[in-house]
Amino acid sequence: MNSPEPSPGIEPRFTINGVERAFGPSAAHTTALEWLRENRLTGAKEGCAEGECGACAILVAQKDRTGGSSWCAVNSCLVPMAALDGQELVTAEGLGNTTNMHPVQAAMASAGGSQCGYCTPGFVCSMAAEFYRKDRVAPQAATLEQSHGELGANGFDLHALSGNLCRCTGYRPIRDAAYSLGEVSNEVFARRRDTPAPEYKPTALTRSDGRFVRATTLAQTVTLLNENPESVLVAGSTDWGVEVNIRARRAPLVIAIEQIPELGIIEVRDHEIEIGAAVPLSELELALNGKLPLLAQLIPQFASRLIRNRATLGGNLGTGSPIGDGAPALLALEAQIVLASARGQRVVALADYFTGYRTNLKQADELITSLRIPRPLSNLTAFHKIAKRRFDDISSVAVAFSLQIDGHLITKAKIGLGGVAATPLRAVATEEFLTSKPWTHETITTAAAILGKEGTPMSDHRASSGYRSMMLANALLKLYAENHVIQEARS
């Protein structure tokens with residue numbers, strides 16, 4: 001499987017606000033935000049450096065499913081600048097200026113959506129991405145009412161701004177600005193959507209702080225890993241970017257893998273659904289379009305739109321975090337992980353994958369290529385996330401249910417848990433109790449008591465161990481309360 005890495009010496013280049021720019025002497029670990037500000041494009045700001053505030057948001061032209069482009073908002077504080085080699089970027093400065101304001105900028109000014117202005121460029125970029133969304137249309141009255149104020153009459157989805165924080169203006173004028181936006185006119189950013197986004201370039205960059213390589217084939221990647229087992233793999237870089245910024249971590253070699261074809265697949269087969277490890281969650285949500293109801297519930301609760309535009313399930317599992325939201329859902333779905341190395345490929349059950357706190361079965365020379373979810377799916381699934389904030393927060397407890405109910409009988413039960421042990425885990429004792437039991441309040445009440453004792457929850461700044469145990473039990477009771485009438489009607 002030998003495959004050479006990209007030839008060194010070709011300097012990364014980008015188109016930024018319509019002007020081609022060279023990477024220059026910057027360090028290999030330089031983030032897009034650092035590079036922009038070093039090069040006097042100071043609209044994007046550093047707030048948290050963790051992807052939670054959105055002050056650093058910029059726009060990137062991305063391929064869409066129609067062969068054209070979409071304007072995608074991303075956190076520039078997390079993305080390595082070298083990972084954008086060959087790409088087309090737009091910052092708040094590039095959208096408009098004081099004499100020729102962009103419609104989004106004009107709406108923010110008119111609605112009083114900016115006071116100190118620190119967060120405003122990020123809001124403007126996220127708002128512009130939603131403004132240019134191709135399927136943004138005025139919703140029907142019933143849909144508008146059901147959205148509980150989160151969808152505007154102009155079709156603007158307020159969740160597009162969920163990753164942007166404002167500490168002084170307040171959100172009402174910002175919302176008013178978003179909901180005042182009209183239809184897109186035939187201007188340069190709108191026309192740009194009709195032509196393909198630029199291809200990502202093979203990249204090989206060497207600096208004193210390390211190397212950055214964009215792998216373009218799986219064979220190339222496993223060869224690099226085999227030769228450099230200390231390498232760090234990045235797709236969305238939503239986790240590694242935090243390590244670089246907050247913990248000052250550096251790696252001798254960073255390998256970008258998001259453009260490897262095998263890692264970008266989404267295939268729905270009769271017996272399984274296979275999802276590439278590097279598919280961004282936003283893309284996955286659109287492509288599946290409800291075919292995996294449990295993931296359809298999970299994804300909107302996974303961080304923010306800015307994060308989901310780059311974050312991947314492969315990366316979420318690769319970190320081995322016990323509080324990652326992806327693992328509980330995938331455990332309940334009985335997912336398998338496909339691992340590849342220079343030695344070949346192997347498939348392991350996710351239930352066997354985690355071995356300890358942030359440790360797993362993946363060897364240093366292996367990478368996750370895809371996830372396989374068996375079909376048929378169970379007829380009752382739910383994802384319950386207990387956190388201090390409704391959106392864009394880390395789970396205190398996450399519970400995923402996948403139950404098959406035939407008639408009044410529970411014929412299959414799989415429950416994934418996060419935040420209650422050193423690893424994500426299955427609630428095996430509760431599953432065993434529920435299987436072959438009647439779908440009744442008595443059954444669920446007894447099972448809830450068992451579920452409350454699963455895992456080894458600890459107390460920390462997010463929640464006490466007692467609270468976590470209580471939330472486990474309550475999650476099952478809530479599932480029954482919300483679904484027993486529906487299930488009885490189906491039977």
# chains A, B, ... in the order shown; residues from 1 in each chain; ligands from 1
>>> residues_around(residues="A:Thr206", least_positions_apart="4", cutoff="10 Å", atoms="only C-alpha atoms", output="PyMOL selection string")
chain A and resi 8-9+27-28+210-213+252-253
>>> residues_around(residues="A:Ile307", least_positions_apart="4", cutoff="10 Å", atoms="only C-alpha atoms", output="PyMOL selection string")
chain A and resi 51-52+54+73-75+78+162-163+236-239+280-282+302-303+311-312+392
>>> write_last_selection(atoms="N, CA and C atoms", output="mmCIF file, in the first residue's frame")
data_model
loop_
_atom_site.group_PDB
_atom_site.id
_atom_site.type_symbol
_atom_site.label_atom_id
_atom_site.label_comp_id
_atom_site.auth_asym_id
_atom_site.auth_seq_id
_atom_site.Cartn_x
_atom_site.Cartn_y
_atom_site.Cartn_z
ATOM 1 N N GLY A 51 -13.797 27.523 19.857
ATOM 2 C CA GLY A 51 -14.920 27.284 18.963
ATOM 3 C C GLY A 51 -16.271 27.413 19.626
ATOM 4 N N GLU A 52 -16.351 28.132 20.738
ATOM 5 C CA GLU A 52 -17.624 28.253 21.451
ATOM 6 C C GLU A 52 -18.268 29.629 21.350
ATOM 7 N N GLY A 54 -17.773 32.039 18.430
ATOM 8 C CA GLY A 54 -18.087 32.446 17.070
ATOM 9 C C GLY A 54 -17.511 33.773 16.636
ATOM 10 N N ALA A 73 -19.961 28.648 7.032
ATOM 11 C CA ALA A 73 -19.331 29.380 8.127
ATOM 12 C C ALA A 73 -18.547 28.406 9.005
ATOM 13 N N VAL A 74 -17.313 28.771 9.329
ATOM 14 C CA VAL A 74 -16.461 27.918 10.160
ATOM 15 C C VAL A 74 -15.743 28.763 11.197
ATOM 16 N N ASN A 75 -15.306 28.090 12.256
ATOM 17 C CA ASN A 75 -14.493 28.748 13.285
ATOM 18 C C ASN A 75 -13.048 28.814 12.813
ATOM 19 N N LEU A 78 -9.980 27.344 14.934
ATOM 20 C CA LEU A 78 -9.690 25.908 15.064
ATOM 21 C C LEU A 78 -9.053 25.311 13.816
ATOM 22 N N SER A 162 -26.317 29.681 16.390
ATOM 23 C CA SER A 162 -26.202 29.073 17.720
ATOM 24 C C SER A 162 -24.781 29.058 18.252
ATOM 25 N N GLY A 163 -23.782 29.153 17.393
ATOM 26 C CA GLY A 163 -22.397 29.147 17.849
ATOM 27 C C GLY A 163 -21.818 30.529 18.040
ATOM 28 N N GLY A 236 -11.992 17.727 10.734
ATOM 29 C CA GLY A 236 -12.542 19.046 11.027
ATOM 30 C C GLY A 236 -11.645 19.879 11.925
ATOM 31 N N SER A 237 -10.777 19.228 12.678
ATOM 32 C CA SER A 237 -9.848 19.871 13.620
ATOM 33 C C SER A 237 -10.576 20.604 14.743
ATOM 34 N N THR A 238 -11.818 20.215 15.032
ATOM 35 C CA THR A 238 -12.558 20.891 16.104
ATOM 36 C C THR A 238 -12.074 20.475 17.486
ATOM 37 N N ASP A 239 -11.379 19.353 17.587
ATOM 38 C CA ASP A 239 -10.790 18.939 18.858
ATOM 39 C C ASP A 239 -9.306 19.298 18.895
ATOM 40 N N PRO A 280 -18.600 15.708 7.493
ATOM 41 C CA PRO A 280 -19.042 16.711 8.472
ATOM 42 C C PRO A 280 -20.482 16.462 8.897
ATOM 43 N N LEU A 281 -20.777 16.743 10.149
ATOM 44 C CA LEU A 281 -22.106 16.446 10.684
ATOM 45 C C LEU A 281 -23.207 17.214 9.956
ATOM 46 N N SER A 282 -22.947 18.444 9.558
ATOM 47 C CA SER A 282 -23.963 19.207 8.821
ATOM 48 C C SER A 282 -24.302 18.526 7.505
ATOM 49 N N PHE A 302 -25.645 18.628 18.906
ATOM 50 C CA PHE A 302 -24.193 18.435 18.917
ATOM 51 C C PHE A 302 -23.523 19.796 18.694
ATOM 52 N N ALA A 303 -23.030 20.392 19.775
ATOM 53 C CA ALA A 303 -22.323 21.672 19.705
ATOM 54 C C ALA A 303 -23.155 22.720 18.958
ATOM 55 N N ALA A 311 -17.045 19.262 12.228
ATOM 56 C CA ALA A 311 -16.885 18.106 13.119
ATOM 57 C C ALA A 311 -17.383 16.827 12.452
ATOM 58 N N THR A 312 -16.794 15.697 12.820
ATOM 59 C CA THR A 312 -17.111 14.397 12.230
ATOM 60 C C THR A 312 -17.337 13.357 13.321
ATOM 61 N N ASP A 392 -25.162 23.950 22.292
ATOM 62 C CA ASP A 392 -23.751 24.327 22.329
ATOM 63 C C ASP A 392 -23.155 24.143 23.714
#
>>> select_by_dssp(residues="stretch 80-271 of chain A", states="strand (DSSP E)", output="PyMOL selection string")
chain A and resi 88-90+203-207+210-214+232-234+253-256+266-268
>>> write_last_selection(atoms="C-alpha atoms", output="PDB file, in the first residue's frame")
ATOM      1  CA  GLU A  88     -11.675  30.394  -1.281  1.00  0.00           C
ATOM      2  CA  LEU A  89     -12.276  32.367   1.913  1.00  0.00           C
ATOM      3  CA  VAL A  90     -14.348  35.425   2.706  1.00  0.00           C
ATOM      4  CA  THR A 203      -0.126  19.874   0.654  1.00  0.00           C
ATOM      5  CA  ALA A 204       3.268  19.245   2.214  1.00  0.00           C
ATOM      6  CA  LEU A 205       4.538  21.940   4.529  1.00  0.00           C
ATOM      7  CA  THR A 206       7.640  21.794   6.740  1.00  0.00           C
ATOM      8  CA  ARG A 207       8.415  24.372   9.407  1.00  0.00           C
ATOM      9  CA  GLY A 210       6.532  20.454  12.590  1.00  0.00           C
ATOM     10  CA  ARG A 211       5.055  19.242   9.317  1.00  0.00           C
ATOM     11  CA  PHE A 212       1.605  19.464   7.791  1.00  0.00           C
ATOM     12  CA  VAL A 213       0.546  17.042   5.052  1.00  0.00           C
ATOM     13  CA  ARG A 214      -2.779  16.730   3.264  1.00  0.00           C
ATOM     14  CA  VAL A 232      -2.024  13.553  14.587  1.00  0.00           C
ATOM     15  CA  LEU A 233      -4.915  13.038  12.160  1.00  0.00           C
ATOM     16  CA  VAL A 234      -7.316  15.927  11.579  1.00  0.00           C
ATOM     17  CA  LEU A 253       3.342  15.657  11.797  1.00  0.00           C
ATOM     18  CA  VAL A 254      -0.286  16.656  11.273  1.00  0.00           C
ATOM     19  CA  ILE A 255      -2.102  14.733   8.534  1.00  0.00           C
ATOM     20  CA  ALA A 256      -5.301  16.191   7.072  1.00  0.00           C
ATOM     21  CA  ILE A 266     -22.564   7.925   2.908  1.00  0.00           C
ATOM     22  CA  GLU A 267     -24.104   4.694   1.650  1.00  0.00           C
ATOM     23  CA  VAL A 268     -27.550   3.397   2.555  1.00  0.00           C
TER      24      VAL A 268
END
>>> atom_distance(atom1="atom CA of A:Leu161", atom2="atom CA of A:Lys291")
25.7 Å
>>> closest_residue(among="A:Ser208, A:Ser180, A:Ser465, A:Ser459", to="A:Met127", atoms="only C-alpha atoms")
A:Ser180
>>> closest_residue(among="A:Leu313, A:Leu158, A:Ile405, A:Ile265", to="A:Ile299", atoms="only C-alpha atoms")
A:Leu313
